[in-house]
Each structure stands twice: as structure tokens, then as C-alpha cells.
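Next comes input_27.cif, a file with mmCIF, N, CA and C atoms and all ligand atoms.
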```cif
data_work
#
loop_
_atom_site.label_atom_id
_atom_site.label_comp_id
_atom_site.auth_asym_id
_atom_site.auth_seq_id
_atom_site.Cartn_x
_atom_site.Cartn_y
_atom_site.Cartn_z
N MET F 1 114.70 100.16 78.33
CA MET F 1 115.72 99.14 78.03
C MET F 1 115.38 98.48 76.69
N HIS F 2 116.39 98.19 75.95
CA HIS F 2 116.23 97.53 74.65
C HIS F 2 115.62 96.14 74.85
N THR F 3 114.72 95.76 73.96
CA THR F 3 114.02 94.47 74.11
C THR F 3 115.00 93.30 74.14
N ALA F 4 116.00 93.36 73.25
CA ALA F 4 116.96 92.25 73.19
C ALA F 4 117.73 92.14 74.51
N THR F 5 118.08 93.28 75.09
CA THR F 5 118.80 93.29 76.37
C THR F 5 117.92 92.67 77.46
N ARG F 6 116.63 93.09 77.43
CA ARG F 6 115.70 92.57 78.44
C ARG F 6 115.58 91.05 78.33
N LEU F 7 115.47 90.57 77.08
CA LEU F 7 115.36 89.13 76.86
C LEU F 7 116.61 88.41 77.35
N ALA F 8 117.78 89.01 77.07
CA ALA F 8 119.03 88.39 77.49
C ALA F 8 119.08 88.30 79.01
N LEU F 9 118.63 89.39 79.68
CA LEU F 9 118.63 89.39 81.15
C LEU F 9 117.68 88.32 81.69
N ALA F 10 116.52 88.22 81.05
CA ALA F 10 115.54 87.22 81.49
C ALA F 10 116.11 85.82 81.33
N ALA F 11 116.80 85.60 80.20
CA ALA F 11 117.39 84.29 79.95
C ALA F 11 118.46 83.99 80.99
N ALA F 12 119.25 85.02 81.33
CA ALA F 12 120.30 84.84 82.33
C ALA F 12 119.68 84.48 83.68
N ALA F 13 118.56 85.17 84.01
CA ALA F 13 117.89 84.90 85.29
C ALA F 13 117.38 83.47 85.32
N LEU F 14 116.82 83.04 84.20
CA LEU F 14 116.30 81.67 84.13
C LEU F 14 117.43 80.66 84.28
N ALA F 15 118.57 80.94 83.62
CA ALA F 15 119.70 80.03 83.69
C ALA F 15 120.19 79.91 85.13
N THR F 16 120.22 81.05 85.84
CA THR F 16 120.66 81.05 87.24
C THR F 16 119.70 80.22 88.08
N ALA F 17 118.39 80.42 87.86
CA ALA F 17 117.40 79.67 88.62
C ALA F 17 117.56 78.18 88.36
N GLY F 18 117.82 77.84 87.10
CA GLY F 18 118.01 76.44 86.73
C GLY F 18 119.20 75.85 87.45
N ALA F 19 120.29 76.60 87.49
CA ALA F 19 121.50 76.12 88.15
C ALA F 19 121.25 75.90 89.63
N ALA F 20 120.50 76.83 90.23
CA ALA F 20 120.23 76.72 91.67
C ALA F 20 119.42 75.46 91.97
N SER F 21 118.39 75.19 91.16
CA SER F 21 117.56 74.03 91.47
C SER F 21 118.31 72.73 91.13
N ALA F 22 119.25 72.82 90.19
CA ALA F 22 120.02 71.63 89.85
C ALA F 22 120.93 71.22 91.00
N GLN F 23 121.22 72.17 91.90
CA GLN F 23 122.09 71.85 93.03
C GLN F 23 121.39 71.03 94.10
N ALA F 24 120.05 71.17 94.18
CA ALA F 24 119.32 70.38 95.18
C ALA F 24 119.51 68.91 94.83
N SER F 25 119.72 68.09 95.84
CA SER F 25 119.97 66.67 95.58
C SER F 25 118.73 66.05 94.96
N PRO F 26 118.90 65.02 94.15
CA PRO F 26 117.73 64.37 93.54
C PRO F 26 116.73 63.92 94.61
N ASP F 27 117.26 63.47 95.74
CA ASP F 27 116.37 63.03 96.82
C ASP F 27 115.49 64.15 97.31
N LEU F 28 116.11 65.34 97.50
CA LEU F 28 115.31 66.45 98.01
C LEU F 28 114.29 66.92 96.99
N ARG F 29 114.66 66.80 95.71
CA ARG F 29 113.67 67.18 94.69
C ARG F 29 112.50 66.19 94.70
N ALA F 30 112.81 64.92 94.88
CA ALA F 30 111.74 63.92 95.00
C ALA F 30 110.89 64.22 96.23
N ALA F 31 111.55 64.62 97.30
CA ALA F 31 110.84 64.92 98.54
C ALA F 31 109.91 66.11 98.34
N ALA F 32 110.40 67.14 97.64
CA ALA F 32 109.57 68.33 97.41
C ALA F 32 108.33 67.95 96.59
N TYR F 33 108.54 67.01 95.65
CA TYR F 33 107.40 66.56 94.84
C TYR F 33 106.39 65.83 95.72
N LEU F 34 106.88 64.94 96.57
CA LEU F 34 105.98 64.22 97.48
C LEU F 34 105.25 65.20 98.39
N ALA F 35 106.01 66.17 98.89
CA ALA F 35 105.45 67.12 99.85
C ALA F 35 104.37 68.00 99.24
N SER F 36 104.43 68.18 97.90
CA SER F 36 103.40 69.02 97.28
C SER F 36 102.03 68.37 97.41
N ASN F 37 102.01 67.06 97.62
CA ASN F 37 100.72 66.37 97.82
C ASN F 37 100.07 66.72 99.16
N CYS F 38 100.84 67.30 100.05
CA CYS F 38 100.33 67.62 101.38
C CYS F 38 99.88 69.08 101.47
N ALA F 39 100.22 69.86 100.44
CA ALA F 39 100.04 71.31 100.52
C ALA F 39 98.57 71.74 100.60
N ASN F 40 97.69 71.00 99.94
CA ASN F 40 96.28 71.39 99.96
C ASN F 40 95.74 71.52 101.37
N CYS F 41 96.16 70.64 102.23
CA CYS F 41 95.65 70.67 103.60
C CYS F 41 96.62 71.33 104.57
N HIS F 42 97.91 71.08 104.40
CA HIS F 42 98.88 71.54 105.41
C HIS F 42 99.63 72.80 104.99
N GLY F 43 99.30 73.37 103.86
CA GLY F 43 99.96 74.61 103.42
C GLY F 43 101.20 74.33 102.58
N THR F 44 101.59 75.33 101.79
CA THR F 44 102.78 75.21 100.94
C THR F 44 104.01 75.01 101.81
N ASN F 45 104.79 74.00 101.48
CA ASN F 45 105.99 73.64 102.26
C ASN F 45 105.66 73.38 103.73
N GLY F 46 104.42 72.97 103.98
CA GLY F 46 104.04 72.59 105.35
C GLY F 46 103.75 73.76 106.26
N ARG F 47 103.69 74.96 105.70
CA ARG F 47 103.38 76.12 106.54
C ARG F 47 101.89 76.38 106.47
N SER F 48 101.19 75.89 107.47
CA SER F 48 99.75 75.97 107.48
C SER F 48 99.28 77.38 107.82
N LEU F 49 98.26 77.83 107.09
CA LEU F 49 97.73 79.17 107.34
C LEU F 49 96.41 79.08 108.09
N GLY F 50 95.88 77.89 108.19
CA GLY F 50 94.57 77.76 108.81
C GLY F 50 94.60 76.93 110.08
N ALA F 51 93.53 76.20 110.30
CA ALA F 51 93.39 75.42 111.53
C ALA F 51 94.21 74.13 111.47
N MET F 52 94.60 73.73 110.28
CA MET F 52 95.34 72.48 110.09
C MET F 52 96.71 72.55 110.75
N PRO F 53 97.16 71.44 111.37
CA PRO F 53 98.52 71.49 111.93
C PRO F 53 99.55 71.69 110.82
N GLY F 54 100.54 72.52 111.09
CA GLY F 54 101.62 72.72 110.14
C GLY F 54 102.59 71.54 110.19
N LEU F 55 103.30 71.31 109.10
CA LEU F 55 104.29 70.22 109.07
C LEU F 55 105.72 70.78 109.09
N ALA F 56 105.85 72.05 108.72
CA ALA F 56 107.18 72.67 108.65
C ALA F 56 107.84 72.65 110.03
N GLY F 57 109.07 72.21 110.07
CA GLY F 57 109.84 72.26 111.30
C GLY F 57 109.62 71.10 112.26
N ILE F 58 108.75 70.16 111.92
CA ILE F 58 108.59 68.98 112.79
C ILE F 58 109.89 68.19 112.72
N PRO F 59 110.50 67.88 113.88
CA PRO F 59 111.75 67.11 113.85
C PRO F 59 111.55 65.78 113.13
N GLN F 60 112.57 65.38 112.36
CA GLN F 60 112.50 64.22 111.50
C GLN F 60 111.95 62.98 112.20
N GLU F 61 112.50 62.70 113.38
CA GLU F 61 112.11 61.46 114.08
C GLU F 61 110.64 61.47 114.48
N ARG F 62 110.19 62.66 114.95
CA ARG F 62 108.79 62.77 115.37
C ARG F 62 107.87 62.61 114.15
N PHE F 63 108.29 63.17 113.03
CA PHE F 63 107.49 63.08 111.81
C PHE F 63 107.31 61.62 111.40
N VAL F 64 108.41 60.87 111.42
CA VAL F 64 108.37 59.46 111.03
C VAL F 64 107.43 58.69 111.97
N THR F 65 107.55 58.97 113.26
CA THR F 65 106.68 58.30 114.24
C THR F 65 105.21 58.62 113.97
N LEU F 66 104.91 59.91 113.74
CA LEU F 66 103.52 60.30 113.47
C LEU F 66 102.98 59.56 112.27
N MET F 67 103.75 59.53 111.18
CA MET F 67 103.27 58.91 109.95
C MET F 67 103.09 57.40 110.12
N ARG F 68 104.02 56.76 110.80
CA ARG F 68 103.90 55.31 111.01
C ARG F 68 102.71 55.00 111.91
N ASP F 69 102.52 55.84 112.94
CA ASP F 69 101.40 55.61 113.85
C ASP F 69 100.06 55.78 113.14
N PHE F 70 100.00 56.76 112.23
CA PHE F 70 98.78 56.91 111.43
C PHE F 70 98.57 55.65 110.59
N ARG F 71 99.64 55.24 109.93
CA ARG F 71 99.56 54.11 109.00
C ARG F 71 99.15 52.82 109.71
N ASP F 72 99.71 52.64 110.91
CA ASP F 72 99.44 51.41 111.66
C ASP F 72 98.18 51.51 112.51
N GLY F 73 97.47 52.62 112.41
CA GLY F 73 96.24 52.79 113.17
C GLY F 73 96.47 53.01 114.65
N LYS F 74 97.68 53.40 115.04
CA LYS F 74 97.98 53.64 116.45
C LYS F 74 97.61 55.05 116.86
N ARG F 75 97.39 55.91 115.88
CA ARG F 75 97.07 57.30 116.18
C ARG F 75 95.72 57.62 115.55
N GLN F 76 94.79 58.10 116.40
CA GLN F 76 93.45 58.46 115.95
C GLN F 76 93.52 59.51 114.86
N ALA F 77 92.75 59.33 113.80
CA ALA F 77 92.76 60.31 112.73
C ALA F 77 91.47 60.25 111.95
N THR F 78 91.13 61.36 111.31
CA THR F 78 89.96 61.38 110.44
C THR F 78 90.38 61.07 109.00
N ILE F 79 91.59 61.45 108.64
CA ILE F 79 92.05 61.34 107.26
C ILE F 79 93.41 60.66 107.15
N MET F 80 94.32 61.04 108.04
CA MET F 80 95.72 60.68 107.87
C MET F 80 95.98 59.17 107.94
N HIS F 81 95.13 58.43 108.63
CA HIS F 81 95.35 56.98 108.70
C HIS F 81 95.22 56.36 107.32
N GLN F 82 94.33 56.93 106.49
CA GLN F 82 94.19 56.43 105.11
C GLN F 82 95.31 56.94 104.23
N LEU F 83 95.56 58.24 104.33
CA LEU F 83 96.59 58.85 103.50
C LEU F 83 97.96 58.23 103.73
N ALA F 84 98.28 57.99 104.97
CA ALA F 84 99.63 57.52 105.32
C ALA F 84 99.90 56.14 104.72
N LYS F 85 98.83 55.39 104.46
CA LYS F 85 99.00 54.05 103.87
C LYS F 85 99.59 54.11 102.47
N GLY F 86 99.50 55.27 101.84
CA GLY F 86 100.01 55.41 100.47
C GLY F 86 101.50 55.68 100.38
N TYR F 87 102.19 55.70 101.52
CA TYR F 87 103.61 56.07 101.50
C TYR F 87 104.48 54.98 102.11
N SER F 88 105.57 54.67 101.39
CA SER F 88 106.52 53.67 101.88
C SER F 88 107.39 54.29 102.97
N ASP F 89 108.13 53.44 103.70
CA ASP F 89 109.06 53.94 104.72
C ASP F 89 110.06 54.92 104.11
N GLU F 90 110.50 54.57 102.91
CA GLU F 90 111.49 55.42 102.24
C GLU F 90 110.89 56.81 101.92
N GLN F 91 109.66 56.80 101.44
CA GLN F 91 109.01 58.07 101.12
C GLN F 91 108.74 58.88 102.38
N ILE F 92 108.37 58.20 103.46
CA ILE F 92 108.14 58.89 104.72
C ILE F 92 109.44 59.53 105.21
N ALA F 93 110.56 58.81 105.05
CA ALA F 93 111.86 59.35 105.46
C ALA F 93 112.19 60.61 104.64
N LEU F 94 111.90 60.57 103.34
CA LEU F 94 112.15 61.73 102.49
C LEU F 94 111.29 62.92 102.93
N LEU F 95 110.02 62.64 103.19
CA LEU F 95 109.10 63.70 103.63
C LEU F 95 109.58 64.28 104.96
N ALA F 96 110.03 63.40 105.84
CA ALA F 96 110.49 63.84 107.17
C ALA F 96 111.67 64.79 107.02
N GLU F 97 112.60 64.44 106.13
CA GLU F 97 113.76 65.29 105.93
C GLU F 97 113.33 66.63 105.32
N PHE F 98 112.44 66.55 104.36
CA PHE F 98 112.00 67.78 103.69
C PHE F 98 111.33 68.74 104.69
N PHE F 99 110.36 68.23 105.44
CA PHE F 99 109.60 69.13 106.32
C PHE F 99 110.45 69.63 107.49
N ALA F 100 111.37 68.81 107.97
CA ALA F 100 112.24 69.25 109.07
C ALA F 100 113.09 70.45 108.64
N ARG F 101 113.39 70.53 107.34
CA ARG F 101 114.22 71.63 106.83
C ARG F 101 113.44 72.90 106.57
N GLN F 102 112.12 72.83 106.60
CA GLN F 102 111.33 74.02 106.29
C GLN F 102 111.17 74.87 107.55
N PRO F 103 111.43 76.18 107.43
CA PRO F 103 111.22 77.04 108.59
C PRO F 103 109.73 77.05 108.95
N ALA F 104 109.42 76.96 110.25
CA ALA F 104 108.03 76.85 110.68
C ALA F 104 107.26 78.15 110.41
N LYS F 105 107.95 79.29 110.44
CA LYS F 105 107.23 80.56 110.20
C LYS F 105 107.89 81.31 109.06
C1 LIG F 201 92.88 66.06 102.77
C2 LIG F 201 93.67 66.81 103.72
C3 LIG F 201 95.05 66.30 104.10
C4 LIG F 201 96.10 66.00 103.26
C5 LIG F 201 96.14 66.03 101.73
C6 LIG F 201 97.20 65.67 104.12
N1 LIG F 201 96.84 65.76 105.44
FE1 LIG F 201 98.05 65.41 107.05
N2 LIG F 201 96.50 65.86 108.31
C7 LIG F 201 95.21 66.13 107.91
C8 LIG F 201 94.35 66.17 109.08
C9 LIG F 201 92.86 66.45 109.06
C10 LIG F 201 95.18 65.92 110.19
C11 LIG F 201 94.76 65.75 111.65
C12 LIG F 201 94.65 64.23 111.91
C13 LIG F 201 93.45 63.62 111.22
O1 LIG F 201 92.33 63.87 111.63
O2 LIG F 201 93.62 62.85 110.22
C14 LIG F 201 96.52 65.75 109.68
C15 LIG F 201 97.63 65.54 110.48
C16 LIG F 201 98.91 65.27 110.00
C17 LIG F 201 100.08 65.07 110.80
C18 LIG F 201 100.16 65.16 112.33
C19 LIG F 201 100.55 66.58 112.69
C20 LIG F 201 100.54 66.79 114.18
O3 LIG F 201 101.34 67.64 114.62
O4 LIG F 201 99.74 66.17 114.89
C21 LIG F 201 101.11 64.79 109.97
C22 LIG F 201 102.56 64.48 110.35
C23 LIG F 201 100.59 64.85 108.63
N3 LIG F 201 99.24 65.16 108.68
C24 LIG F 201 101.33 64.62 107.50
C25 LIG F 201 100.85 64.72 106.20
C26 LIG F 201 101.65 64.49 105.04
C27 LIG F 201 103.12 64.11 105.05
C28 LIG F 201 100.85 64.67 103.96
C29 LIG F 201 101.21 64.51 102.50
C30 LIG F 201 101.85 63.29 102.12
C31 LIG F 201 99.53 65.04 104.46
N4 LIG F 201 99.57 65.05 105.82
C32 LIG F 201 98.44 65.32 103.65
C33 LIG F 201 94.78 66.35 106.61
C34 LIG F 201 95.52 66.14 105.47
#
```
Could you write out this structure as C-alpha cells?
Amino acid sequence: MHTATRLALAAAALATAGAASAQASPDLRAAAYLASNCANCHGTNGRSLGAMPGLAGIPQERFVTLMRDFRDGKRQATIMHQLAKGYSDEQIALLAEFFARQPAK
């Protein structure tokens, strides 16, 4: 294939990808950014590959309860009680929506 044609195709692919991500609501993009902070331990998009509990597919309401209980010290934790303190109710709601939308497997 001609180099110029290849470049044009690559540019078209990039433009399409850009359009697709521009469709995600600003809230969901903010949520994805917040959720990336959880990936080191809970896996990309909450799909855990190891012993850590996965976050993908947790129903929104249960997620909010878990995070608030960690934050308020109502739920025993080694790490999450500290981590959860760094998130506002609004951010927890965004995270809950994001992870509920992720397929668990
Ligand atoms: C440094 C590792 C680490 C990071 C980063 C981390 N977690 Fe956790 N998470 C844990 C551990 C460990 C547990 C088990 C509870 C405990 O001991 O703290 C847990 C448990 C949870 C649970 C309960 C899951 C269940 O089914 O019981 C939720 C919800 C959760 N984390 C949400 C989050 C969110 C949201 C983020 C990002 C904002 C996050 N975690 C970032 C380590 C982490």
C-alpha cells in the first residue's frame, strides 16, 4: 500500500476513535479517570485478575454502600477505609455508575 494512503487510513481511524470517545458523556469520562486510580489493585476497568475482589458489575447501590461503609469505618478493611476517605459522595456516585456498567468477565 502507498505510504500516503496508509497515513490517510491511519488518520481516518484516529478521527473515528476521537469521535467515539467524544460521545461518552463528560461525567463518564471523569468516572473513567477516577476509576483508573483503582486499576493497580482491582484490575483494568475493575476486572480483577488476581486475588483482589473485582469491581466490575457491582450494582451501583451496593458499590455506594461499600464505599461509604469503608469511609465511615463501618466495614473492616486493611486499605480501603483510608482510600475511601479521598472520595466525595459525588465521586463515589460516578465510580459506582462506571463500575456497574463494566462487564464482570
Ligand atoms: C492499594 C490497593 C487498592 C487500591 C488502589 C484500591 N483498592 Fe479497593 N480494595 C483493596 C483491598 C485490599 C480490598 C479488600 C478490603 C481491604 O482490606 O481494604 C478492597 C476492597 C474494595 C471494595 C469492596 C469489594 C467487595 O466486594 O468487598 C470496593 C468497593 C473497593 N475496594 C473499591 C475501590 C475503588 C473504587 C478504588 C479506586 C478509587 C479502589 N478500591 C482502589 C485494595 C485497593
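Selecting all polymer residues at most 6.5 Å from ligand LIG 201 (chain F), using all atoms listed in the file, gives Leu34, Ala35, Ser36, Asn37, Cys38, Ala39, Asn40, Cys41, His42, Met52, Pro53, Gly54, Leu55, Phe63, Leu66, Met67, Gln76, Ala77, Thr78, Ile79, Met80, His81 and Leu95 of chain F.
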Radius query 10 Å about (112.5, 70.2, 109.6), atoms used: only C-alpha atoms, as a ChimeraX atom specification: /F:46,55-61,63,95-104
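Residue nearest F:Asp89 within the list F:Pro26, F:Asn45, F:Arg68, F:Ala51: F:Arg68 [criterion: smallest interatomic distance, only C-alpha atoms].
Counting only C-alpha atoms, the residue from F:Lys105, F:Ala84, F:Asp27, F:Ala32 that sits nearest to F:Val64 is F:Ala84.
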At what distance in Å, to one decimal, does atom CA of F:Thr44 lie from atom CA of F:Ala30? 15.6 Å
Counting only C-alpha atoms, the residue among F:Leu94, F:Gly50, F:Phe70, F:Gln82 that lies closest to F:Arg29 is F:Leu94
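Coordinates place atom CA of F:Ala31 at a distance of 14.1 Å from atom C of F:Gly43.
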Determine which residues of stretch 8-105 of chain F receive a DSSP assignment of alpha helix (DSSP H), computed from the backbone, and state them as a PyMOL selection string. chain F and resi 8-23+26-36+39-42+60-71+80-83+89-101
So what do you get for atom CA of F:Tyr87 versus atom N of F:Leu49, distance-wise? 23.1 Å
